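Enquirer: Handing over run_28.pdb, PDB, C-alpha atoms, pLDDT in the B column.
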```
ATOM      1  CA  MET A1357      86.900 101.966  89.580  1.00 95.00           C
ATOM      2  CA  HIS A1358      89.241  99.066  90.338  1.00 97.00           C
ATOM      3  CA  ILE A1359      92.842  99.240  89.050  1.00 98.00           C
ATOM      4  CA  ILE A1360      94.494  96.034  87.837  1.00 97.00           C
ATOM      5  CA  VAL A1361      98.195  95.959  86.935  1.00 97.00           C
ATOM      6  CA  GLU A1362      99.558  92.943  85.078  1.00 96.00           C
ATOM      7  CA  THR A1363     103.243  93.053  85.978  1.00 93.00           C
ATOM      8  CA  GLY A1364     103.897  90.147  83.613  1.00 95.00           C
ATOM      9  CA  LYS A1365     103.051  92.458  80.715  1.00 97.00           C
ATOM     10  CA  CYS A1366     104.828  95.559  82.051  1.00 97.00           C
ATOM     11  CA  GLU A1367     108.082  96.548  80.370  1.00 97.00           C
ATOM     12  CA  GLY A1368     108.781  99.550  82.592  1.00 96.00           C
ATOM     13  CA  PHE A1369     108.192 102.342  80.081  1.00 97.00           C
ATOM     14  CA  GLY A1370     106.752 104.553  82.839  1.00 97.00           C
ATOM     15  CA  ASN A1371     104.143 106.295  80.698  1.00 98.00           C
ATOM     16  CA  CYS A1372     101.534 105.600  83.362  1.00 98.00           C
ATOM     17  CA  VAL A1373     103.671 107.247  86.029  1.00 98.00           C
ATOM     18  CA  MET A1374     104.080 110.342  83.894  1.00 97.00           C
ATOM     19  CA  ALA A1375     100.311 110.471  83.303  1.00 97.00           C
ATOM     20  CA  ASP A1376      99.290 109.859  86.940  1.00 98.00           C
ATOM     21  CA  PRO A1377     102.094 109.823  89.516  1.00 97.00           C
ATOM     22  CA  ASP A1378      99.533 109.854  92.344  1.00 96.00           C
ATOM     23  CA  THR A1379      98.325 106.388  91.312  1.00 98.00           C
ATOM     24  CA  PHE A1380     101.293 104.656  89.659  1.00 98.00           C
ATOM     25  CA  ASP A1381     104.994 104.266  90.392  1.00 98.00           C
ATOM     26  CA  ILE A1382     107.890 102.129  89.261  1.00 97.00           C
ATOM     27  CA  GLY A1383     108.991  99.527  91.796  1.00 96.00           C
ATOM     28  CA  ASP A1384     112.520  98.434  92.624  1.00 96.00           C
ATOM     29  CA  ASP A1385     112.230  95.748  89.949  1.00 96.00           C
ATOM     30  CA  GLY A1386     111.579  98.380  87.262  1.00 96.00           C
ATOM     31  CA  LEU A1387     107.926  97.423  86.819  1.00 97.00           C
ATOM     32  CA  VAL A1388     104.796  99.444  87.450  1.00 97.00           C
ATOM     33  CA  ILE A1389     102.988  99.275  90.767  1.00 96.00           C
ATOM     34  CA  ALA A1390      99.602 100.719  91.619  1.00 97.00           C
ATOM     35  CA  LEU A1391      99.790 102.913  94.697  1.00 98.00           C
ATOM     36  CA  ARG A1392      96.109 102.238  95.343  1.00 97.00           C
ATOM     37  CA  ALA A1393      93.640  99.528  94.335  1.00 96.00           C
ATOM     38  CA  THR A1394      90.762 101.807  93.439  1.00 97.00           C
ATOM     39  CA  ALA A1395      90.250 105.273  92.018  1.00 95.00           C
ATOM     40  CA  GLU A1396      87.506 107.710  92.856  1.00 93.00           C
ATOM     41  CA  GLU A1397      85.332 109.373  90.221  1.00 93.00           C
ATOM     42  CA  HIS A1398      87.214 112.693  90.468  1.00 95.00           C
ATOM     43  CA  ASP A1399      90.444 110.855  89.463  1.00 95.00           C
ATOM     44  CA  ARG A1400      88.882 109.016  86.534  1.00 95.00           C
ATOM     45  CA  ALA A1401      90.363 111.091  83.696  1.00 97.00           C
ATOM     46  CA  ARG A1402      93.957 110.783  84.932  1.00 97.00           C
ATOM     47  CA  VAL A1403      93.704 107.063  85.677  1.00 97.00           C
ATOM     48  CA  GLU A1404      92.124 106.344  82.296  1.00 97.00           C
ATOM     49  CA  GLU A1405      94.834 108.390  80.541  1.00 98.00           C
ATOM     50  CA  ALA A1406      97.516 106.442  82.399  1.00 98.00           C
ATOM     51  CA  ALA A1407      95.972 103.132  81.326  1.00 98.00           C
ATOM     52  CA  ARG A1408      95.672 104.295  77.697  1.00 97.00           C
ATOM     53  CA  SER A1409      99.289 105.471  77.694  1.00 98.00           C
ATOM     54  CA  CYS A1410     100.643 101.993  78.425  1.00 98.00           C
ATOM     55  CA  PRO A1411     102.072 100.635  75.152  1.00 97.00           C
ATOM     56  CA  VAL A1412     101.776  97.017  76.343  1.00 98.00           C
ATOM     57  CA  GLU A1413      98.293  97.381  77.897  1.00 97.00           C
ATOM     58  CA  ALA A1414      99.434  96.250  81.359  1.00 98.00           C
ATOM     59  CA  ILE A1415      96.788  98.349  83.147  1.00 98.00           C
ATOM     60  CA  THR A1416      93.116  97.405  83.177  1.00 97.00           C
ATOM     61  CA  LEU A1417      90.309  99.387  84.778  1.00 97.00           C
ATOM     62  CA  GLU A1418      87.113  97.745  85.963  1.00 96.00           C
ATOM     63  CA  GLN A1419      83.936  99.520  87.003  1.00 89.00           C
ATOM     64  CA  ARG A1420      82.628  98.293  90.353  1.00 75.00           C
TER      65      ARG A1420
END
```
Output the file's structure as C-alpha coordinates, nothing else.
Expert:
Amino acid sequence: MHIIVETGKCEGFGNCVMADPDTFDIGDDGLVIALRATAEEHDRARVEEAARSCPVEAITLEQR
(Lines of atoms letter the chains of each structure in order from A and count residues from 1; the text may use other names and numbers.)
(Lines give C-alpha, C1' and ligand atoms only; values in the text may rest on other atoms or scores of the structure.)
Protein backbone atom coordinates (compact mmCIF):
# COMPACT_ATOMS: atom_id res chain seq x y z
CA MET A 1 0.00 0.00 0.00
CA HIS A 2 1.27 3.47 -0.89
CA ILE A 3 1.26 6.17 1.82
CA ILE A 4 0.43 9.75 0.82
CA VAL A 5 0.80 12.61 3.30
CA GLU A 6 -0.72 15.98 2.44
CA THR A 7 1.35 18.36 4.55
CA GLY A 8 -0.87 21.25 3.47
CA LYS A 9 -3.70 19.66 5.44
CA CYS A 10 -1.63 18.57 8.46
CA GLU A 11 -2.06 20.56 11.66
CA GLY A 12 0.48 18.60 13.69
CA PHE A 13 -1.87 16.79 16.07
CA GLY A 14 0.42 13.73 16.05
CA ASN A 15 -2.33 11.12 16.30
CA CYS A 16 -0.74 9.21 13.44
CA VAL A 17 2.60 9.09 15.24
CA MET A 18 0.96 7.72 18.36
CA ALA A 19 -0.84 5.07 16.29
CA ASP A 20 2.20 4.04 14.20
CA PRO A 21 5.55 5.55 15.20
CA ASP A 22 7.36 3.14 12.86
CA THR A 23 5.74 4.82 9.85
CA PHE A 24 5.03 8.43 10.86
CA ASP A 25 6.92 11.18 12.66
CA ILE A 26 6.65 14.91 13.20
CA GLY A 27 9.21 16.95 11.27
CA ASP A 28 11.07 20.03 12.42
CA ASP A 29 8.26 22.16 11.00
CA GLY A 30 5.72 20.46 13.27
CA LEU A 31 4.02 18.59 10.43
CA VAL A 32 3.73 14.87 9.81
CA ILE A 33 6.24 13.04 7.65
CA ALA A 34 6.03 9.49 6.38
CA LEU A 35 9.15 7.54 7.26
CA ARG A 36 8.49 5.24 4.31
CA ALA A 37 6.52 5.51 1.07
CA THR A 38 4.90 2.10 1.21
CA ALA A 39 3.65 -0.32 3.83
CA GLU A 40 3.71 -4.08 3.70
CA GLU A 41 0.63 -6.23 4.30
CA HIS A 42 1.74 -7.17 7.84
CA ASP A 43 1.72 -3.44 8.76
CA ARG A 44 -1.69 -2.73 7.25
CA ALA A 45 -3.71 -2.52 10.48
CA ARG A 46 -1.38 0.01 12.13
CA VAL A 47 -1.04 2.19 9.04
CA GLU A 48 -4.80 2.21 8.46
CA GLU A 49 -5.40 3.11 12.13
CA ALA A 50 -2.91 5.97 11.84
CA ALA A 51 -4.68 7.31 8.75
CA ARG A 52 -8.11 7.03 10.42
CA SER A 53 -6.82 8.81 13.52
CA CYS A 54 -5.95 11.98 11.60
CA PRO A 55 -8.66 14.55 12.39
CA VAL A 56 -7.90 16.54 9.21
CA GLU A 57 -7.56 13.51 6.90
CA ALA A 58 -4.01 14.40 5.82
CA ILE A 59 -3.05 10.75 5.23
CA THR A 60 -4.31 8.76 2.26
CA LEU A 61 -3.58 5.11 1.54
CA GLU A 62 -3.65 3.71 -1.98
CA GLN A 63 -3.59 0.04 -2.92
CA ARG A 64 -0.96 -0.72 -5.56
Enquirer: Report, in Å to a single decimal, how far apart CA of Met1374 (chain A) and CA of Met1357 (chain A) are.
Expert: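 According to the coordinates, CA of Met1357 (chain A) and CA of Met1374 (chain A) are separated by 19.9 Å.
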Enquirer: Got a sec to resolve the PyMOL selection byres ((chain A and resi 1365) around 12) on this structure and send the residues as JSON, numbers by chain?
Expert: {"A": [1360, 1361, 1362, 1363, 1364, 1366, 1367, 1368, 1369, 1387, 1388, 1410, 1411, 1412, 1413, 1414, 1415, 1416]}
Enquirer: Find the distance between CA of Asp1376 (chain A) and CA of His1398 (chain A) and write it in Å to one decimal.
Expert: 12.9 Å
Enquirer: For Arg1420 (chain A), which residue among A:Ala1406, A:Ile1382, A:Ala1375, A:Ile1359 is the nearest when counting all atoms listed in the file?
Expert: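 Among the listed residues, the smallest separation from Arg1420 (chain A) belongs to A:Ile1359.
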Enquirer: Please determine, counting only C-alpha atoms, which residue among A:Glu1418, A:Asp1381, A:Val1373, A:Leu1391 has the shortest atom-to-atom distance to Glu1405 (chain A).
Expert: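 Between A:Glu1418, A:Asp1381, A:Val1373, A:Leu1391, the residue approaching Glu1405 (chain A) most closely is A:Val1373.
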Enquirer: Between CA of Arg1392 (chain A) and CA of Phe1380 (chain A), what is the distance, to one decimal in Å?
Expert: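 Separation of CA of Arg1392 (chain A) and CA of Phe1380 (chain A): 8.1 Å.
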Enquirer: Please write the residues picked by the PyMOL selection byres ((chain A and resi 1395) around 10) on this file as number ranges by chain.
Expert: A: 1357-1359, 1379, 1392-1394, 1396-1400, 1402-1404, 1417, 1419
